[in-house]
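Asker: Attaching a single structure in structure tokens format; questions to follow.
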Amino acid sequence: MRLLPTRHRWLPPFVLLSLALALWINFTPFTRLTQPRAAMRVERLPATSAFYSGQKIMILSPHPDDETLCCAGMIQQAHAAGADVYVTWLTSGDGFEFDAALEGRQLRPGSAAFRKLALRRMQEARAAAAVLNIPVSHLNFLGYPDGGLFRLFLENYATAYTSPTSGLNRVSYDGTFNPGSAYTGLNLERDMASVVDAVNPDLLLVPAPQDAHLDHRTASYLAQRLMAERGQTARLRFWVVHGGLEWPLPKGLHRGDPLTLPSRAMNLAWTRDDLTPAQILKKGAAISAYRTQMTVLGRFMVAFERKNELLSTTALPPGPLGEGVQPIIGDGR
Ligand SMILES: [Zn+2]
């Protein structure tokens with residue numbers, strides 16, 4: 001047998017590794033084999049507290065689609081119990097280059113394509129909310145820049161940020177909560193406070209600070225500060241959409257599988273919310289309303305159509321240090 005030339009010896013292991021990775025990401029039996037205890041761990045979780053009549057629940061969603069991916073089942077259950085559900089989108093999704101390229105049919109989309117994408121995604125968000133029977137009057141679009149929230153939080157707290165994708169430096173889209181408001185962290189916080197105070201929700205469902213997406217993490221920090229100022233941190237609940245290591249695995253549609261714990265936030269105080277088959281199907285219908293996202297991220301989106309959703313009652317794992325928080329060593333003070 002002839003061996004490959006030395007310079008090509010890397011090829012077989014590379015092909016094998018790629019194949020194994022593709023199987024792990026996409027093939028249920030292989031995923032189960034590599035995560036034998038993942039499903040069991042979900043089964044042992046306590047149930048999410050039941051929703052009740054008159055309860056007010058608000059979801060803070062960094063982008064159009066997060067509220068559906070994390071919580072479409074819980075939204076249906078809250079409605080069935082007689083609760084009211086509100087959704088506040090912090091951005092309009094005007095920073096997603098692949099989406100804008102497809103929408104605008106151009107390889108390098110200009111700012112006009114990103115602005116057009118924002119209006120389209122807001123429309124899709126309204127359609128998804130309609131599938132889930134959330135009244136239009138319960139929806140708020142704050143219209144801050146997709147991909148820019150962390151900069152608003154740190155560098156542009158008081159001075160306006162200009163989005164490199166949309167070219168905008170202030171809230172500009174029709175149908176937004178406070179049009180004309182400059183892109184600053186201060187204004188974002190004020191608008192968040194206004195919508196939260198107008199509703200005074202019993203539960204505020206926000207991203208967990210372990211979420212991999214910087215916009216999500218920023219939303220979490222701001223929401224926690226806002227509720228701490230009101231002495232209402234007990235009303236916060238946390239979810240994850242970008243959970244690390246290709247989560248949720250396997251990709252694609254697996255309605256009979258549980259949504260397992262995200263690797264980035266394994267040790268939070270998770271509760272499990274079980275969905276009925278009808279609720280899973282309706283969640284799927286709401287996800288499908290996000291046509292632009294489905295075109296680019298379809299297998300990721302439908303991977304959230306699972307037997308359960310997950311909600312944590314805490315932002316950090318129990319113990320003196322939070323997950324991912326490193327102790328300060330060598331400073332005796
Ligand atoms: Zn998002």
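Chain labels run A, B, ... following the order of the structure tokens; each chain numbers its residues from 1, and ligands are numbered from 1 in the order shown.
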Please tabulate, as JSON lines, the residues of chain A that come within 8 Å of ligand 1, each with its closest pair of atoms and the distance in Å to one decimal, counting only C-alpha atoms and all ligand atoms and ordering rows by chain, then residue number upward.

Answerer:
```
{"residue": "A:Ser61", "atom": "CA", "partner": "ligand 1", "partner_atom_place_in_ligand_line": "1 (Zn)", "distance": 7.0}
{"residue": "A:Pro62", "atom": "CA", "partner": "ligand 1", "partner_atom_place_in_ligand_line": "1 (Zn)", "distance": 5.2}
{"residue": "A:His63", "atom": "CA", "partner": "ligand 1", "partner_atom_place_in_ligand_line": "1 (Zn)", "distance": 4.5}
{"residue": "A:Pro64", "atom": "CA", "partner": "ligand 1", "partner_atom_place_in_ligand_line": "1 (Zn)", "distance": 7.1}
{"residue": "A:Asp65", "atom": "CA", "partner": "ligand 1", "partner_atom_place_in_ligand_line": "1 (Zn)", "distance": 6.9}
{"residue": "A:Asp66", "atom": "CA", "partner": "ligand 1", "partner_atom_place_in_ligand_line": "1 (Zn)", "distance": 5.1}
{"residue": "A:His213", "atom": "CA", "partner": "ligand 1", "partner_atom_place_in_ligand_line": "1 (Zn)", "distance": 7.0}
{"residue": "A:Asp215", "atom": "CA", "partner": "ligand 1", "partner_atom_place_in_ligand_line": "1 (Zn)", "distance": 7.0}
{"residue": "A:His216", "atom": "CA", "partner": "ligand 1", "partner_atom_place_in_ligand_line": "1 (Zn)", "distance": 6.2}
{"residue": "A:Val241", "atom": "CA", "partner": "ligand 1", "partner_atom_place_in_ligand_line": "1 (Zn)", "distance": 7.1}
{"residue": "A:His242", "atom": "CA", "partner": "ligand 1", "partner_atom_place_in_ligand_line": "1 (Zn)", "distance": 7.8}
```

Asker: Keeping C-alpha atoms for every residue in the selection just given, could you write it to a file as a CSV table (one decimal), in the first residue's frame?

Answerer:
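Below is the file that was written, out_27.csv:
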```csv
chain,number,residue,atom,x,y,z
A,61,SER,CA,-35.1,39.9,24.3
A,62,PRO,CA,-31.8,41.2,23.0
A,63,HIS,CA,-32.8,40.3,19.4
A,64,PRO,CA,-35.9,39.4,17.5
A,65,ASP,CA,-36.1,35.6,17.9
A,66,ASP,CA,-34.6,35.1,21.4
A,213,HIS,CA,-23.4,36.6,23.0
A,215,ASP,CA,-25.6,41.6,23.6
A,216,HIS,CA,-27.2,38.9,25.7
A,241,VAL,CA,-29.8,30.9,23.9
A,242,HIS,CA,-26.0,30.8,23.1
```

Asker: Sorted by chain and rising residue number, list the residues of stretch 53-144 of chain A at most 9 Å from stretch 275-278 of chain A (counting only C-alpha atoms), each with its closest atom pair and distance in Å to one decimal, as JSON lines.

Answerer:
```
{"residue": "A:Gly73", "atom": "CA", "partner": "A:Leu275", "partner_atom": "CA", "distance": 6.0}
{"residue": "A:Met74", "atom": "CA", "partner": "A:Leu275", "partner_atom": "CA", "distance": 8.0}
{"residue": "A:Gln77", "atom": "CA", "partner": "A:Leu275", "partner_atom": "CA", "distance": 8.5}
```

Asker: Would you list the contacts of A:Asn178 as a ChimeraX atom specification, taking every protein, DNA or RNA residue within 12 Å and counting only C-alpha atoms, but skipping same-chain residues closer than 4 positions in sequence?

Answerer: /A:90,140-144,170-174,182-183,187-188,190-192,194-195

Asker: Using only C-alpha atoms, can you tell me which of A:Ala265, A:Leu214, A:Arg255, A:Met294 comes closest to A:Arg306?

Answerer: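 Selected residue with least distance to A:Arg306: A:Arg255.
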
Asker: Using only C-alpha atoms, which of A:Thr295, A:Thr165, A:Thr314, A:Thr218 sits nearest A:Glu97?

Answerer: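 Ranked by minimum distance to A:Glu97, first place goes to A:Thr165.
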
Asker: Would you give me, as a list in words, the residues in stretch 57-166 of chain A that DSSP reads as strand (DSSP E)?

Answerer: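 Across stretch 57-166 of chain A, those assigned strand (DSSP E) are Ile57, Met58, Ile59, Leu60, Ser61, Asp84, Val85, Tyr86, Val87, Thr88, Trp89, Leu90, Thr91, Leu139, Asn140, Phe141, Leu142, Gly143 and Tyr144 of chain A.
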
Asker: Nearest to A:Ala198 among A:Arg121, A:His8, A:Lys56, A:Arg299, with distances taken over only C-alpha atoms: which residue is it?

Answerer: A:Lys56

Asker: Taking into account only C-alpha atoms, which residue in the set A:Ala315, A:Tyr52, A:Val196, A:Leu253 is nearest to A:Gln210?

Answerer: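 Of all the options, A:Ala315 lies closest to A:Gln210.
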
Asker: Need to verify the contact set: A:Ala158, 7 Å, only C-alpha atoms, exclusion of same-chain residues closer than 4 positions in sequence. Can you return it as a list in words?

Answerer: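 Neighbouring residues, sequence-local ones excluded: Thr184, Gly185 and Leu186 of chain A.
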
Asker: Next, dump the selected residues to file, keeping only C-alpha atoms, as a short mmCIF file (atom, residue, chain, number, x, y, z; two decimals), in the first residue's frame.

Answerer:
```cif
data_model
loop_
_atom_site.label_atom_id
_atom_site.label_comp_id
_atom_site.auth_asym_id
_atom_site.auth_seq_id
_atom_site.Cartn_x
_atom_site.Cartn_y
_atom_site.Cartn_z
CA THR A 184 -25.98 55.60 24.65
CA GLY A 185 -25.99 53.15 27.53
CA LEU A 186 -27.77 55.73 29.64
#
```

Asker: Which residue, A:Pro207, A:Pro12, A:Pro179, A:Pro145, has the smallest gap to A:Thr313 when you use only C-alpha atoms?

Answerer: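 Closest to A:Thr313 of all the choices is A:Pro207.
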